[in-house]
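Colleague: Let me begin by handing over the structure; questions about it come next.
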Amino acid sequence: MTSLIDITGQIFGRLTVLKKGPTRDRTTTWVCECKCGNYTTVLKNNLTSGNTISCGCYNADVVKAASTTHGMRHTQEYNAWAGMKNRCNNDPRYIKRKINVCKKWINNFQSFYDDIGPRPSAAHSIDRINNDGNYEPDNCRWATATQQAQNRRKTSKTSSGIVGVYWNKKQSKWVARITANKQVIYLGCFTVLSEAITAREKAELKYWSKVC
């Protein structure tokens, strides 16, 4: 069993660690005092990775600065940057897999925008090329939902190797399905694998192509 490393007294950005906090999903948290005087409880990984450097006051300062510097506070590019940080800080799936935003981007929207460029269309969103990798220049791109699905297929664990297409033993046929609007939609059963894949691809265009 790995012993707990005490980080009491260490400083991360605007945060000074005061003591060990409660455990969340088997992960240790630390109670910190922010430079502004507020207190907050943070996962250790978010402290050491640089994902969390304040009680939230730093982000407020960034937003204020954004409105007077790059002028892109209300753009989709800014929303994408803020969204990826929020996922890494608050989504248990990302925290468990230790997916972080690189130090170059974490507190610098302009750097993110310079590297990733303008959003090509409303159908594009930020995609990690290596789904297990971090948000960083060499691993990120703007991609449509269909392109992202094709990227995920490379690591699919289904019997077909294609996300949303699998072999049904009882019917002895390939089944295609897709999830849209939080509902599973069955696309049919097929004798030939290629027909099932085609049905899945058409469904991606139909249900996902307008996803922002």
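For the structure tokens, the naming scheme is as follows: chains receive sequential letters (A, B, ...) according to their order of presentation, residues are indexed from 1 within each chain, and ligands are indexed from 1 in presentation order.
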Write out as a PyMOL selection string the residues lying within 10 Å of stretch 117-126 of chain A, counting only C-alpha atoms and excluding same-chain residues fewer than 2 positions away.
Modeller: chain A and resi 75-77+80-81+83-84+110-115+128-129+135+140-148+208-212
Colleague: Per residue of stretch 35-58 of chain A within 7 Å of stretch 7-13 of chain A, record the nearest atom pair and its distance in Å to one decimal, counting only C-alpha atoms, with rows in chain order and ascending residue number, as a tab-separated table.
Modeller:
```
residue	atom	partner	partner_atom	distance
A:Leu47	CA	A:Phe12	CA	6.2
A:Ile53	CA	A:Gly13	CA	4.5
A:Ser54	CA	A:Gly13	CA	6.6
```
Colleague: Export N, CA and C atoms of the chosen residues as a CSV table (one decimal), in the first residue's frame?
Modeller:
```csv
chain,number,residue,atom,x,y,z
A,47,LEU,N,-3.7,19.8,-7.9
A,47,LEU,CA,-2.7,20.8,-7.4
A,47,LEU,C,-1.4,20.6,-8.1
A,53,ILE,N,-5.2,26.3,-9.3
A,53,ILE,CA,-4.2,27.1,-8.7
A,53,ILE,C,-4.8,28.2,-7.8
A,54,SER,N,-6.1,28.2,-7.7
A,54,SER,CA,-6.8,29.2,-6.8
A,54,SER,C,-8.2,28.6,-6.4
```
Colleague: Rank A:Tyr94, A:Tyr58, A:Tyr166, A:Tyr78 by their smallest atom-to-atom distance to A:Asn45, using only C-alpha atoms, and report the top residue only.
Modeller: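 Nearest to A:Asn45: A:Tyr94.
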Colleague: Residues at most 12 Å from A:Arg87, counting only C-alpha atoms, excluding those fewer than 3 positions away in the same chain, as a ChimeraX atom specification?
Modeller: /A:46,51,80-84,90-101,134-135
Colleague: Determine which residues of stretch 37-191 of chain A receive a DSSP assignment of helix (DSSP H, G or I), computed from the backbone, and state them as a ChimeraX atom specification.
Modeller: /A:44-49,57-66,76-90,92-96,103-106,109-116,137-139,145-153
Colleague: Based on the backbone DSSP call, show me all residues of stretch 28-162 of chain A assigned strand (DSSP E or B), as a PyMOL selection string.
Modeller: chain A and resi 28-34+39-43+101+124-128+135+140-144
Colleague: Using only C-alpha atoms, which residue out of A:Val17, A:Asn59, A:Asn168, A:His74 lies closest to A:Asn108?
Modeller: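 That would be A:Asn59, the residue with the smallest distance to A:Asn108.
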Colleague: In Å to one decimal, how far is atom CA of A:Asn89 from atom CA of A:Thr52?
Modeller: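 Computing it gives 7.3 Å between the two atoms.
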Colleague: Which neighbours of stretch 190-197 of chain A fall inside 10 Å, counting only C-alpha atoms, when residues of the same chain fewer than 2 positions from it are skipped, and could you give them as number ranges by chain?
Modeller: A: 160, 162-168, 171-177, 187-188, 199-203
Colleague: Between atom CA of A:Lys44 and atom CA of A:Val31, what is the distance, to one decimal in Å?
Modeller: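 Between atom CA of A:Lys44 and atom CA of A:Val31 the gap works out to 9.9 Å.
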Colleague: Return the single residue from A:Met72, A:Ala60, A:Leu15, A:Ile178 that is closest to A:Tyr39, with distances computed using only C-alpha atoms.
Modeller: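 Ranking A:Met72, A:Ala60, A:Leu15, A:Ile178 by distance to A:Tyr39, first place goes to A:Leu15.
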Colleague: Quick one: residues within 12 Å of A:Gly37, only C-alpha atoms counted, chain neighbours fewer than 6 positions away excluded, as a list in words?
Modeller: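 Near neighbours after the sequence-gap exclusion: Arg14, Leu15, Thr16, Ser54, Cys55, Gly56 and Cys57 of chain A.
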Colleague: Please write the residues from the selection above to a file, keeping C-alpha atoms, as a JSON list (two decimals), in the first residue's frame.
Modeller:
```
[["chain", "number", "residue", "atom", "x", "y", "z"],
["A", 14, "ARG", "CA", -2.37, 31.03, -5.11],
["A", 15, "LEU", "CA", -3.11, 28.06, -2.84],
["A", 16, "THR", "CA", -1.33, 27.09, 0.37],
["A", 54, "SER", "CA", -6.81, 29.15, -6.82],
["A", 55, "CYS", "CA", -10.25, 28.99, -5.22],
["A", 56, "GLY", "CA", -11.65, 30.24, -8.51],
["A", 57, "CYS", "CA", -10.54, 33.84, -8.19]]
```
Colleague: Pick the closest to A:Ile5 from A:Thr29, A:Val42, A:Pro22, A:Val184: which is it, counting only C-alpha atoms?
Modeller: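 Checking each of A:Thr29, A:Val42, A:Pro22, A:Val184 against A:Ile5, counting only C-alpha atoms, the winner is A:Thr29.
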